[in-house]
Every structure is written in C-alpha cells, then in structure tokens.
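Chemist: Okay, so here is target-v3.cif, and as you'll see once you scroll down, it has mmCIF, C-alpha atoms.
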```
data_model
loop_
_atom_site.label_atom_id
_atom_site.label_comp_id
_atom_site.auth_asym_id
_atom_site.auth_seq_id
_atom_site.Cartn_x
_atom_site.Cartn_y
_atom_site.Cartn_z
CA MET E 1 -24.96 -57.98 62.71
CA SER E 2 -22.98 -56.65 59.77
CA LYS E 3 -23.62 -57.88 56.28
CA ALA E 4 -21.43 -60.72 55.20
CA LYS E 5 -20.49 -61.28 51.58
CA PHE E 6 -19.88 -64.98 51.26
CA GLY E 7 -17.80 -66.37 48.40
CA ILE E 8 -17.94 -70.09 47.66
CA ILE E 9 -15.04 -71.41 45.62
CA VAL E 10 -16.01 -73.78 42.82
CA PHE E 11 -13.42 -76.23 41.52
CA PRO E 12 -14.07 -78.82 38.85
CA GLY E 13 -15.41 -81.65 41.01
CA SER E 14 -16.73 -79.54 43.89
CA ASN E 15 -20.11 -80.95 44.87
CA CYS E 16 -21.01 -79.30 48.17
CA ASP E 17 -20.81 -75.80 46.75
CA HIS E 18 -24.57 -75.73 46.18
CA ASP E 19 -25.25 -77.14 49.66
CA ALA E 20 -23.27 -74.26 51.15
CA TYR E 21 -25.03 -71.80 48.83
CA HIS E 22 -28.44 -73.09 49.91
CA ALA E 23 -27.64 -72.91 53.62
CA LEU E 24 -26.25 -69.39 53.39
CA LYS E 25 -28.64 -67.90 50.83
CA HIS E 26 -31.95 -69.57 51.58
CA VAL E 27 -31.64 -70.52 55.25
CA LEU E 28 -29.55 -67.63 56.57
CA ASN E 29 -30.60 -65.08 53.96
CA GLN E 30 -27.07 -63.95 53.17
CA ASP E 31 -25.36 -62.40 50.17
CA VAL E 32 -23.56 -65.32 48.46
CA GLU E 33 -21.64 -65.70 45.22
CA PHE E 34 -19.82 -68.57 43.58
CA LEU E 35 -16.16 -67.97 42.68
CA TRP E 36 -14.83 -70.07 39.79
CA HIS E 37 -11.38 -71.55 40.45
CA LYS E 38 -9.85 -69.80 37.44
CA GLU E 39 -10.63 -66.36 38.77
CA SER E 40 -7.66 -64.56 40.23
CA SER E 41 -9.48 -62.49 42.85
CA ILE E 42 -12.17 -63.04 45.46
CA GLY E 43 -13.40 -59.51 44.72
CA ASP E 44 -15.51 -57.94 47.45
CA ARG E 45 -16.23 -61.20 49.29
CA ASN E 46 -15.42 -61.04 53.02
CA VAL E 47 -16.01 -64.69 54.02
CA ILE E 48 -14.65 -67.52 51.90
CA ILE E 49 -16.00 -71.07 51.90
CA VAL E 50 -13.80 -73.76 50.37
CA PRO E 51 -16.47 -76.42 49.90
CA GLY E 52 -16.48 -80.20 49.88
CA GLY E 53 -16.32 -82.45 46.87
CA PHE E 54 -13.70 -84.08 44.73
CA SER E 55 -11.74 -81.15 43.35
CA TYR E 56 -9.80 -82.17 40.24
CA GLY E 57 -11.03 -85.72 40.71
CA ASP E 58 -8.91 -86.13 43.88
CA TYR E 59 -6.04 -86.80 41.46
CA LEU E 60 -2.61 -87.31 43.02
CA ARG E 61 -3.79 -86.46 46.55
CA CYS E 62 -7.01 -84.84 47.79
CA GLY E 63 -6.61 -81.08 47.52
CA ALA E 64 -3.11 -81.24 46.03
CA ILE E 65 -4.01 -79.80 42.64
CA ALA E 66 -6.54 -77.26 43.93
CA LYS E 67 -3.90 -75.45 45.95
CA PHE E 68 -2.28 -74.22 42.73
CA SER E 69 -5.47 -72.74 41.29
CA GLY E 70 -5.59 -69.00 40.62
CA ILE E 71 -8.30 -68.33 43.17
CA MET E 72 -6.49 -70.14 46.00
CA LYS E 73 -3.54 -67.75 45.69
CA ASP E 74 -5.91 -64.91 46.48
CA VAL E 75 -7.55 -66.91 49.29
CA VAL E 76 -4.08 -67.40 50.83
CA ARG E 77 -3.45 -63.65 50.58
CA PHE E 78 -6.90 -62.90 52.04
CA SER E 79 -6.41 -65.25 55.00
CA GLY E 80 -2.94 -63.80 55.59
CA ASN E 81 -4.61 -60.43 56.13
CA GLY E 82 -6.96 -61.96 58.71
CA GLY E 83 -9.79 -62.79 56.29
CA THR E 84 -12.32 -65.40 57.39
CA VAL E 85 -12.01 -68.76 55.60
CA ILE E 86 -13.75 -72.09 56.21
CA GLY E 87 -12.60 -75.27 54.52
CA ILE E 88 -15.18 -78.04 54.71
CA CYS E 89 -14.34 -81.68 53.93
CA ASN E 90 -12.38 -81.51 50.64
CA GLY E 91 -12.06 -77.81 51.49
CA PHE E 92 -10.28 -78.80 54.73
CA GLN E 93 -7.90 -80.95 52.69
CA ILE E 94 -7.32 -78.02 50.32
CA VAL E 95 -6.60 -75.46 53.06
CA CYS E 96 -4.16 -77.92 54.69
CA GLU E 97 -2.43 -78.51 51.34
CA SER E 98 -2.30 -74.75 50.82
CA GLY E 99 -0.53 -74.28 54.14
CA LEU E 100 -3.34 -72.29 55.79
CA LEU E 101 -3.68 -75.02 58.40
CA PRO E 102 -1.07 -77.50 59.67
CA GLY E 103 -1.26 -81.24 59.13
CA ALA E 104 -2.86 -83.42 56.49
CA LEU E 105 -5.81 -85.74 56.00
CA LEU E 106 -4.94 -89.40 55.57
CA ARG E 107 -7.04 -92.29 54.30
CA ASN E 108 -9.66 -93.36 56.85
CA ALA E 109 -8.28 -96.09 59.11
CA SER E 110 -11.10 -98.38 57.94
CA LEU E 111 -10.21 -97.66 54.26
CA LYS E 112 -13.92 -97.07 53.72
CA PHE E 113 -15.76 -94.01 52.49
CA ILE E 114 -17.92 -93.08 55.47
CA CYS E 115 -21.20 -91.24 55.02
CA LYS E 116 -23.16 -90.83 58.25
CA ASN E 117 -24.14 -88.45 61.00
CA VAL E 118 -21.57 -87.96 63.76
CA THR E 119 -21.68 -86.18 67.09
CA LEU E 120 -19.16 -83.40 67.54
CA ASN E 121 -18.10 -81.95 70.86
CA ILE E 122 -17.58 -78.20 70.72
CA GLU E 123 -14.18 -77.88 72.35
CA ASN E 124 -13.68 -74.13 72.12
CA LYS E 125 -16.54 -71.64 72.05
CA LYS E 126 -14.29 -68.61 71.95
CA THR E 127 -13.46 -68.69 68.24
CA ILE E 128 -15.18 -66.57 65.60
CA PHE E 129 -16.64 -69.83 64.28
CA THR E 130 -18.13 -71.05 67.56
CA SER E 131 -19.17 -68.05 69.64
CA ALA E 132 -22.85 -68.64 68.79
CA PHE E 133 -22.72 -71.98 70.63
CA ASN E 134 -22.53 -69.90 73.80
CA GLY E 135 -25.16 -67.67 75.30
CA ASN E 136 -28.82 -68.52 75.02
CA VAL E 137 -28.14 -71.49 72.78
CA ASN E 138 -25.54 -73.06 75.05
CA VAL E 139 -24.90 -76.11 72.90
CA ASP E 140 -21.98 -78.44 73.68
CA LYS E 141 -22.57 -81.07 71.03
CA ILE E 142 -23.95 -81.03 67.52
CA VAL E 143 -24.86 -83.78 65.08
CA VAL E 144 -23.43 -83.16 61.62
CA PRO E 145 -22.92 -85.49 58.64
CA ILE E 146 -19.55 -86.64 57.40
CA ALA E 147 -18.93 -87.98 53.89
CA HIS E 148 -15.30 -88.74 53.21
CA ALA E 149 -12.65 -91.38 52.55
CA GLU E 150 -9.67 -89.25 53.59
CA GLY E 151 -10.64 -87.56 56.84
CA ASN E 152 -8.10 -89.07 59.16
CA TYR E 153 -6.39 -85.93 60.47
CA PHE E 154 -2.67 -86.26 61.11
CA CYS E 155 0.06 -83.91 62.25
CA ASP E 156 3.42 -84.28 63.97
CA ASP E 157 3.74 -84.39 67.77
CA ASN E 158 4.90 -80.79 68.15
CA THR E 159 2.02 -79.45 66.06
CA LEU E 160 -0.45 -81.58 67.99
CA LYS E 161 0.84 -80.24 71.30
CA GLU E 162 0.59 -76.69 69.99
CA LEU E 163 -2.98 -77.27 68.77
CA GLU E 164 -3.97 -78.80 72.12
CA ASP E 165 -2.26 -76.18 74.27
CA SER E 166 -3.64 -73.22 72.37
CA GLY E 167 -7.25 -74.42 72.15
CA ARG E 168 -7.11 -74.67 68.39
CA ILE E 169 -8.91 -78.00 68.28
CA VAL E 170 -12.41 -76.66 67.87
CA PHE E 171 -14.38 -79.83 67.17
CA ARG E 172 -13.73 -83.40 68.26
CA TYR E 173 -15.61 -86.55 67.30
CA GLU E 174 -17.43 -88.13 70.20
CA ASP E 175 -16.97 -91.51 68.53
CA ASN E 176 -13.97 -91.33 66.18
CA PRO E 177 -15.09 -92.55 62.73
CA ASN E 178 -11.85 -92.28 60.76
CA GLY E 179 -8.84 -92.71 63.04
CA SER E 180 -7.98 -89.01 63.28
CA ILE E 181 -5.36 -88.12 65.85
CA ASN E 182 -6.86 -87.07 69.23
CA ASN E 183 -10.35 -87.39 67.66
CA ILE E 184 -9.82 -84.14 65.76
CA ALA E 185 -12.72 -83.12 63.51
CA GLY E 186 -11.90 -79.43 63.07
CA ILE E 187 -9.11 -76.97 63.85
CA VAL E 188 -8.36 -73.28 63.47
CA ASN E 189 -5.13 -71.57 62.47
CA LYS E 190 -2.97 -69.51 64.82
CA GLY E 191 -4.75 -66.29 63.91
CA GLY E 192 -8.14 -67.93 64.55
CA ASN E 193 -9.48 -66.76 61.17
CA VAL E 194 -9.24 -70.05 59.24
CA LEU E 195 -11.34 -73.07 60.21
CA GLY E 196 -10.97 -76.51 58.64
CA MET E 197 -13.37 -79.34 59.41
CA MET E 198 -14.27 -82.67 57.84
CA PRO E 199 -17.97 -82.71 58.89
CA HIS E 200 -20.50 -80.71 56.85
CA PRO E 201 -22.19 -77.91 58.83
CA GLU E 202 -23.88 -76.67 55.65
CA ARG E 203 -25.77 -79.97 55.48
CA ALA E 204 -27.04 -79.55 59.05
CA SER E 205 -28.38 -76.03 58.99
CA GLU E 206 -32.13 -76.64 59.02
CA ASP E 207 -34.32 -79.20 60.72
CA ILE E 208 -35.88 -80.42 57.50
CA VAL E 209 -32.54 -82.09 56.67
CA GLY E 210 -32.21 -83.62 60.13
CA GLY E 211 -30.72 -80.89 62.29
CA HIS E 212 -29.59 -77.30 62.53
CA GLY E 213 -26.46 -77.60 64.70
CA GLY E 214 -24.19 -76.60 61.82
CA ARG E 215 -25.99 -73.31 61.44
CA TYR E 216 -24.40 -71.92 64.62
CA ILE E 217 -21.03 -71.95 62.88
CA PHE E 218 -22.30 -69.57 60.19
CA GLU E 219 -24.17 -67.50 62.79
CA SER E 220 -20.94 -67.19 64.77
CA ILE E 221 -19.20 -65.76 61.70
CA LEU E 222 -22.01 -63.24 61.27
CA GLN E 223 -21.77 -62.24 64.93
CA ASN E 224 -18.05 -61.61 64.62
CA LEU E 225 -17.80 -59.78 61.30
CA ASN E 226 -16.78 -56.18 61.67
CA MET M 1 16.40 -85.51 28.03
CA TYR M 2 16.11 -87.21 31.38
CA LEU M 3 13.67 -89.73 32.77
CA ALA M 4 12.85 -89.37 36.45
CA LYS M 5 11.17 -92.26 38.23
CA ILE M 6 9.67 -91.02 41.45
CA LYS M 7 8.22 -93.14 44.23
CA VAL M 8 6.02 -91.57 46.88
CA THR M 9 5.20 -93.52 50.03
CA LEU M 10 3.62 -92.74 53.37
CA ARG M 11 6.24 -91.90 55.98
CA LYS M 12 7.42 -94.90 57.94
CA SER M 13 5.98 -93.50 61.15
CA ILE M 14 2.47 -93.40 59.67
CA LEU M 15 0.25 -96.45 59.68
CA ASP M 16 -0.56 -97.40 56.10
CA PRO M 17 -4.04 -98.96 56.25
CA GLN M 18 -4.00 -99.69 52.53
CA GLY M 19 -0.71 -101.54 52.90
CA LYS M 20 -2.15 -103.50 55.83
CA ALA M 21 -5.23 -104.50 53.83
CA VAL M 22 -3.07 -105.67 50.93
CA GLU M 23 -0.86 -107.56 53.36
CA HIS M 24 -3.85 -109.37 54.89
CA SER M 25 -4.83 -110.39 51.39
CA ILE M 26 -1.35 -111.68 50.60
CA LEU M 27 -1.27 -113.63 53.85
CA SER M 28 -4.67 -115.11 53.05
CA LEU M 29 -3.19 -116.41 49.79
CA GLY M 30 -0.93 -118.52 51.97
CA TYR M 31 2.30 -116.50 51.73
CA LYS M 32 3.20 -116.49 55.41
CA ASN M 33 6.63 -114.95 54.86
CA ILE M 34 5.44 -111.40 54.15
CA GLU M 35 6.67 -109.06 56.88
CA ASP M 36 5.59 -105.61 55.83
CA THR M 37 3.57 -104.08 52.98
CA ARG M 38 3.47 -100.42 52.01
CA VAL M 39 1.43 -98.99 49.16
CA GLY M 40 2.64 -95.89 47.37
CA LYS M 41 2.57 -94.01 44.09
CA TYR M 42 4.90 -94.19 41.13
CA ILE M 43 5.33 -91.20 38.86
CA GLU M 44 7.47 -90.84 35.72
CA LEU M 45 8.57 -87.49 34.38
CA LYS M 46 10.51 -86.81 31.21
CA LEU M 47 12.32 -83.54 31.43
CA ASN M 48 14.79 -81.41 29.56
CA ALA M 49 17.65 -80.06 31.60
CA ALA M 50 21.10 -78.75 30.76
CA SER M 51 22.81 -80.97 33.30
CA GLU M 52 22.26 -83.82 35.69
CA ASP M 53 22.40 -81.37 38.59
CA GLU M 54 19.71 -79.20 37.07
CA ALA M 55 17.50 -82.24 36.40
CA LYS M 56 17.96 -83.37 40.01
CA LYS M 57 17.06 -79.94 41.29
CA ILE M 58 13.88 -79.81 39.20
CA VAL M 59 12.79 -83.31 40.23
CA LYS M 60 13.32 -82.55 43.92
CA GLU M 61 11.41 -79.29 43.67
CA VAL M 62 8.46 -80.79 41.79
CA ALA M 63 8.32 -83.75 44.18
CA SER M 64 8.41 -81.65 47.32
CA LYS M 65 6.05 -78.94 46.06
CA LEU M 66 3.42 -81.18 44.51
CA LEU M 67 3.98 -84.90 44.13
CA ALA M 68 4.53 -85.62 47.84
CA ASN M 69 3.12 -83.93 50.91
CA PRO M 70 6.01 -83.73 53.38
CA VAL M 71 3.59 -83.86 56.33
CA MET M 72 2.77 -87.47 55.55
CA GLU M 73 4.89 -88.71 52.65
CA ASP M 74 8.49 -89.39 51.66
CA PHE M 75 9.71 -89.62 48.11
CA GLU M 76 12.66 -91.18 46.36
CA TYR M 77 13.73 -90.91 42.78
CA GLU M 78 15.95 -92.33 40.10
CA LEU M 79 17.20 -90.25 37.24
CA GLU M 80 18.08 -91.76 33.90
CA CYS M 81 19.67 -89.95 30.98
CA LEU M 82 17.70 -90.77 27.82
CA ILE M 83 19.46 -88.51 25.34
CA PRO M 84 22.97 -87.73 26.50
CA SER M 85 24.24 -84.19 26.29
CA LYS M 86 27.71 -83.59 24.78
CA ASN M 87 29.72 -85.04 27.62
CA GLY M 88 27.06 -87.10 29.40
CA ASN M 89 26.52 -90.82 29.51
CA SER M 90 23.16 -92.40 29.09
CA GLY M 91 21.72 -94.82 31.59
CA LYS M 92 20.94 -94.58 35.24
CA ILE M 93 22.96 -91.80 36.76
CA HIS M 94 21.46 -90.88 40.05
CA ALA M 95 19.20 -92.09 42.77
CA GLY M 96 18.21 -90.07 45.78
CA LYS M 97 15.91 -90.29 48.78
CA VAL M 98 14.23 -87.47 50.55
CA HIS M 99 12.64 -87.99 53.94
#
```
Could you take the file, read its structure, and then write that structure out as structure tokens?

Modeler:
Amino acid sequence: MSKAKFGIIVFPGSNCDHDAYHALKHVLNQDVEFLWHKESSIGDRNVIIVPGGFSYGDYLRCGAIAKFSGIMKDVVRFSGNGGTVIGICNGFQIVCESGLLPGALLRNASLKFICKNVTLNIENKKTIFTSAFNGNVNVDKIVVPIAHAEGNYFCDDNTLKELEDSGRIVFRYEDNPNGSINNIAGIVNKGGNVLGMMPHPERASEDIVGGHGGRYIFESILQNLN
Amino acid sequence: MYLAKIKVTLRKSILDPQGKAVEHSILSLGYKNIEDTRVGKYIELKLNAASEDEAKKIVKEVASKLLANPVMEDFEYELECLIPSKNGNSGKIHAGKVH
C-alpha cells in the first residue's frame, strides 16, 4: 500500500471536513491536511476530498459559488490529469457544478432535509473507489448516513444511458430517499478517477459510530494508489 | 447603466416539488382555478456597458455561467436602460429567453 496524502478542501460553511479528517487520520492512520478554499494549489496532496456542508451558505444554488474558488481550479486541473477526487454530499454538488461529473442535484422530492442511515447497493466493484468491497470482504451492501436537502440526482436521458451502460453508477439506494433518477447515490466520471456521492462514508468508518462500511471506499483508494 | 432582471426557473421537463407544494397550499385556500405553479429565482443586476448588445452579452454569460445551471434550469431576462448613452433610449429595450 503506498502512502496517500489526503487533502480536504475547506470552504466557508463546510462542516464534514473534520469528519473526513477524523476518519482518515485517526481511523485509517493516513497523512491528511486541510486545504483552505483561497489557496491556489493542492500542493503535494494526491487524493482530494471535497467534503459535505453548506459551502458559501448554499447561496444561489448548492455548490454554485464554490466552483469558482481558487482551490477548485487546481482540483479541476488535478482531476484532468487523472488525480483521485471524491466529492461527498455538498462536495458531490460542487464537483457536478464544476463539471467534473455530469448532472446536478435537485431538491429532494419530499422537500425535506433527510438525515438518516440508508442502505447502498455496491453496483460496481471494479472502480478505484470500490475494489476493497471485493475479495475477503465481499460486501454488496453498506449502511451509510445521508444528510441533505438537495440530493435528488438528475441528468438528461443520454447521460443516464451512458452512466448505466458504462457501469459508472457505483452506488444505488436500496430504498430511494430523495427521488434521484434510477436510485443513483454515487457515480464516477469517465476516467474513473472522480467519485461523487450524497451519502457520507466518512461518517460510517468505525463501528463506534454505527458501522464501518464507508471505510472500504477509503481502503479502495489506498489499494489503488500508485 | 442598464438594469437586468433575470428569472431562473427549473426546466419544464423537471418536476418542481416546491412549486407543487405551493400549489397544494393555494388549492387548499379554495382557489380551484390554479393549473400550474413553478417556483424560481429572481435576480437583478445593474451593469455598465457601452451598448445594448454588450449588456445582453454580459447578462447571458453571467446567467449561463453562474446564475442558472443549464442541466436543470432555464433563465430569461429583461434589460432596461437606466441612464441612456448618447443615442440610446431609456426604458425596457430587450427581453430574451434561454432554454
């Protein structure tokens, strides 16, 4: 396993940055640094986490303002060169707004903010984010919390077909909480190096908080880093 | 100086749950003649531009880059001239829709 250098982006209003830090630093014993949104470079970091929260107060549209921050320009460059990026919750909204992933996150069909555990089906175990679900572990479902009001994934028909046909829908809700198209909970980009998901794997990485299913996502990244 | 009034709404093909909730409320008030309700955003920009064409171009760019997300939203705008340039007239001069 090669040493990962995780960078967690911090926007004004991010509130899952410390959850991600805890899971990576204290549970998985990794090298982790916070990256303030005004910085223009991710430096030596080789895995970027765009965390959950309410960046810029969710003003205008979730993630719409964050995409113009200095650090996101470098994250776009980094992902374009094949760099590993995960957008979680508000981070998923931000990477969609930034064009790293197709589609957008709409208001939940129920109009309610939903905060609960959901069961995810692992749809594709061949990505760099899911390979650890294979092998000895052999897990097909994980229970991970969601906490969002705008998690209703939407994309046009052609994009949806492309996502389905190319196995880019990585996680699906077993019981759709928010109205997302085809029960989508998480997708990867064409290159397979950017993952976006509404559920919070960093909040399900140790049994003391109710489960460790999310941890396999981070372990997969570690397995696949060169 | 121009005033741009920009309206951003969810695309027609997308279910607007907020609009539906508002509509249910309106119907519960007893107004049975409401057919459709959509909720959107309204944004005003004051901008300096040398011409109406330049102002239009700026408004369209700002709206499509930031104010609306083309994956899920349409925008439309009205442009009003607040301080006329040498040969311009004040008042509403242009309205456009972008889907």

Chemist: Please produce, as a tab-separated table, a per-residue contact table for chain E versus chain M (criterion: any atom at most 9 Å away, only C-alpha atoms considered), showing the nearest atom pair and its distance in Å to one decimal, sorted by chain then residue number.

Modeler:
```
residue	atom	partner	partner_atom	distance
E:Leu60	CA	M:Leu67	CA	7.1
E:Arg61	CA	M:Leu67	CA	8.3
E:Ala64	CA	M:Leu66	CA	6.7
E:Ile65	CA	M:Leu66	CA	7.8
E:Glu97	CA	M:Asn69	CA	7.8
E:Pro102	CA	M:Val71	CA	8.6
E:Gly103	CA	M:Val71	CA	6.2
E:Ala104	CA	M:Val71	CA	6.5
E:Leu105	CA	M:Met72	CA	8.8
E:Leu106	CA	M:Met72	CA	7.9
E:Arg107	CA	M:Pro17	CA	7.6
E:Asn108	CA	M:Pro17	CA	8.0
E:Ala109	CA	M:Pro17	CA	5.9
E:Ser110	CA	M:Pro17	CA	7.3
E:Leu111	CA	M:Pro17	CA	6.6
E:Phe154	CA	M:Met72	CA	7.9
E:Cys155	CA	M:Val71	CA	6.9
E:Asp156	CA	M:Val71	CA	7.7
```

Chemist: Got a sec: who's within 7 Å of region 213-215 of chain E, counting only C-alpha atoms, leaving out chain neighbours fewer than 6 positions off, as a list in words?

Modeler: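 Here the answer would be Ile142, Val143, Val144, Pro201, Glu202, Ala204 and Ser205 of chain E.
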
Chemist: For a cut-off of 9 Å around (-25.2, -82.4, 71.2), file coordinates, pick out all residues using all atoms listed in the file and list them as a list of chain:residue names.

Modeler: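 Those residues lying close to the given coordinates are E:Thr119, E:Leu120, E:Asn121, E:Ile122, E:Val139, E:Asp140, E:Lys141, E:Ile142, E:Val143, E:Gly213.
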
Chemist: Report, in Å to a single decimal, how far apart CA of Met72 (chain E) and CA of Ile94 (chain E) are.

Modeler: 9.0 Å

Chemist: Mind telling me what the PyMOL selection byres ((chain E and resi 167) around 9) catches here, as a PDB file with C-alpha atoms, keeping the file's coordinate frame?

Modeler:
```pdb
ATOM      1  CA  GLU E 123     -14.180 -77.880  72.350  1.00  0.00           C
ATOM      2  CA  ASN E 124     -13.680 -74.130  72.120  1.00  0.00           C
ATOM      3  CA  GLU E 162       0.590 -76.690  69.990  1.00  0.00           C
ATOM      4  CA  LEU E 163      -2.980 -77.270  68.770  1.00  0.00           C
ATOM      5  CA  GLU E 164      -3.970 -78.800  72.120  1.00  0.00           C
ATOM      6  CA  ASP E 165      -2.260 -76.180  74.270  1.00  0.00           C
ATOM      7  CA  SER E 166      -3.640 -73.220  72.370  1.00  0.00           C
ATOM      8  CA  ARG E 168      -7.110 -74.670  68.390  1.00  0.00           C
ATOM      9  CA  ILE E 169      -8.910 -78.000  68.280  1.00  0.00           C
ATOM     10  CA  VAL E 170     -12.410 -76.660  67.870  1.00  0.00           C
ATOM     11  CA  ILE E 187      -9.110 -76.970  63.850  1.00  0.00           C
ATOM     12  CA  VAL E 188      -8.360 -73.280  63.470  1.00  0.00           C
TER      13      VAL E 188
END
```

Chemist: What do you get, as a list of chain:residue names, if you spell out every residue that the PyMOL selection byres ((chain E and resi 16) around 8) selects here?

Modeler: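 Applied to this file, the PyMOL selection byres ((chain E and resi 16) around 8) returns E:Ser14, E:Asn15, E:Asp17, E:His18, E:Asp19, E:Ala20, E:Pro51, E:Gly52, E:Gly53.
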
Chemist: Work out how far apart CA of Lys20 (chain M) and CA of Thr37 (chain M) are and give it in Å to one decimal.

Modeler: 6.4 Å

Chemist: Between M:Met1, M:Thr9, M:Tyr77, M:Tyr42, single out the one closest to Val59 (chain M), counting only C-alpha atoms.

Modeler: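 Going through M:Met1, M:Thr9, M:Tyr77, M:Tyr42 one by one, the smallest distance to Val59 (chain M) is for M:Tyr77.
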
Chemist: Near Asn134 (chain E), counting all atoms listed in the file, which residues have an atom at most 12 Å away, once you skip same-chain residues fewer than 3 positions from it, shown as number ranges by chain?

Modeler: E: 122-131, 137-141, 216-217, 219-220, 223

Chemist: Starting from the incomplete input, reconstruct N, CA and C atoms of region 40-59 of chain E and report them as a PDB file, in the frame of the given file.

Modeler:
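Done, and the output landed in part.pdb:
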```
ATOM      1  N   SER E  40      -8.902 -64.851  39.515  1.00  0.00           N
ATOM      2  CA  SER E  40      -7.660 -64.560  40.230  1.00  0.00           C
ATOM      3  C   SER E  40      -7.924 -63.727  41.488  1.00  0.00           C
ATOM      4  N   SER E  41      -9.183 -63.345  41.703  1.00  0.00           N
ATOM      5  CA  SER E  41      -9.480 -62.490  42.850  1.00  0.00           C
ATOM      6  C   SER E  41     -10.811 -62.884  43.462  1.00  0.00           C
ATOM      7  N   ILE E  42     -10.897 -62.756  44.787  1.00  0.00           N
ATOM      8  CA  ILE E  42     -12.170 -63.040  45.460  1.00  0.00           C
ATOM      9  C   ILE E  42     -13.067 -61.800  45.457  1.00  0.00           C
ATOM     10  N   GLY E  43     -12.586 -60.718  44.853  1.00  0.00           N
ATOM     11  CA  GLY E  43     -13.400 -59.510  44.720  1.00  0.00           C
ATOM     12  C   GLY E  43     -13.780 -58.923  46.065  1.00  0.00           C
ATOM     13  N   ASP E  44     -15.077 -58.626  46.225  1.00  0.00           N
ATOM     14  CA  ASP E  44     -15.510 -57.940  47.450  1.00  0.00           C
ATOM     15  C   ASP E  44     -15.976 -58.916  48.536  1.00  0.00           C
ATOM     16  N   ARG E  45     -15.753 -60.197  48.318  1.00  0.00           N
ATOM     17  CA  ARG E  45     -16.230 -61.200  49.290  1.00  0.00           C
ATOM     18  C   ARG E  45     -15.452 -61.082  50.604  1.00  0.00           C
ATOM     19  N   ASN E  46     -16.141 -61.154  51.737  1.00  0.00           N
ATOM     20  CA  ASN E  46     -15.420 -61.040  53.020  1.00  0.00           C
ATOM     21  C   ASN E  46     -15.479 -62.301  53.895  1.00  0.00           C
ATOM     22  N   VAL E  47     -16.122 -63.364  53.387  1.00  0.00           N
ATOM     23  CA  VAL E  47     -16.010 -64.690  54.020  1.00  0.00           C
ATOM     24  C   VAL E  47     -15.895 -65.708  52.896  1.00  0.00           C
ATOM     25  N   ILE E  48     -14.878 -66.551  52.976  1.00  0.00           N
ATOM     26  CA  ILE E  48     -14.650 -67.520  51.900  1.00  0.00           C
ATOM     27  C   ILE E  48     -14.936 -68.939  52.398  1.00  0.00           C
ATOM     28  N   ILE E  49     -15.744 -69.659  51.611  1.00  0.00           N
ATOM     29  CA  ILE E  49     -16.000 -71.070  51.900  1.00  0.00           C
ATOM     30  C   ILE E  49     -15.274 -71.897  50.841  1.00  0.00           C
ATOM     31  N   VAL E  50     -14.405 -72.784  51.285  1.00  0.00           N
ATOM     32  CA  VAL E  50     -13.800 -73.760  50.370  1.00  0.00           C
ATOM     33  C   VAL E  50     -14.607 -75.043  50.591  1.00  0.00           C
ATOM     34  N   PRO E  51     -15.461 -75.396  49.629  1.00  0.00           N
ATOM     35  CA  PRO E  51     -16.470 -76.420  49.900  1.00  0.00           C
ATOM     36  C   PRO E  51     -15.943 -77.850  49.698  1.00  0.00           C
ATOM     37  N   GLY E  52     -16.817 -78.785  50.034  1.00  0.00           N
ATOM     38  CA  GLY E  52     -16.480 -80.200  49.880  1.00  0.00           C
ATOM     39  C   GLY E  52     -16.651 -80.663  48.448  1.00  0.00           C
ATOM     40  N   GLY E  53     -16.199 -81.870  48.205  1.00  0.00           N
ATOM     41  CA  GLY E  53     -16.320 -82.450  46.870  1.00  0.00           C
ATOM     42  C   GLY E  53     -15.091 -83.245  46.519  1.00  0.00           C
ATOM     43  N   PHE E  54     -14.830 -83.307  45.228  1.00  0.00           N
ATOM     44  CA  PHE E  54     -13.700 -84.080  44.730  1.00  0.00           C
ATOM     45  C   PHE E  54     -12.940 -83.202  43.745  1.00  0.00           C
ATOM     46  N   SER E  55     -12.382 -82.099  44.249  1.00  0.00           N
ATOM     47  CA  SER E  55     -11.740 -81.150  43.350  1.00  0.00           C
ATOM     48  C   SER E  55     -10.690 -81.857  42.506  1.00  0.00           C
ATOM     49  N   TYR E  56     -10.728 -81.572  41.217  1.00  0.00           N
ATOM     50  CA  TYR E  56      -9.800 -82.170  40.240  1.00  0.00           C
ATOM     51  C   TYR E  56      -9.763 -83.691  40.374  1.00  0.00           C
ATOM     52  N   GLY E  57     -10.937 -84.265  40.676  1.00  0.00           N
ATOM     53  CA  GLY E  57     -11.030 -85.720  40.710  1.00  0.00           C
ATOM     54  C   GLY E  57     -10.217 -86.376  41.814  1.00  0.00           C
ATOM     55  N   ASP E  58      -9.796 -85.592  42.827  1.00  0.00           N
ATOM     56  CA  ASP E  58      -8.910 -86.130  43.880  1.00  0.00           C
ATOM     57  C   ASP E  58      -7.624 -86.702  43.294  1.00  0.00           C
ATOM     58  N   TYR E  59      -7.261 -86.273  42.096  1.00  0.00           N
ATOM     59  CA  TYR E  59      -6.040 -86.800  41.460  1.00  0.00           C
ATOM     60  C   TYR E  59      -4.828 -86.489  42.321  1.00  0.00           C
TER      61      TYR E  59
END
```
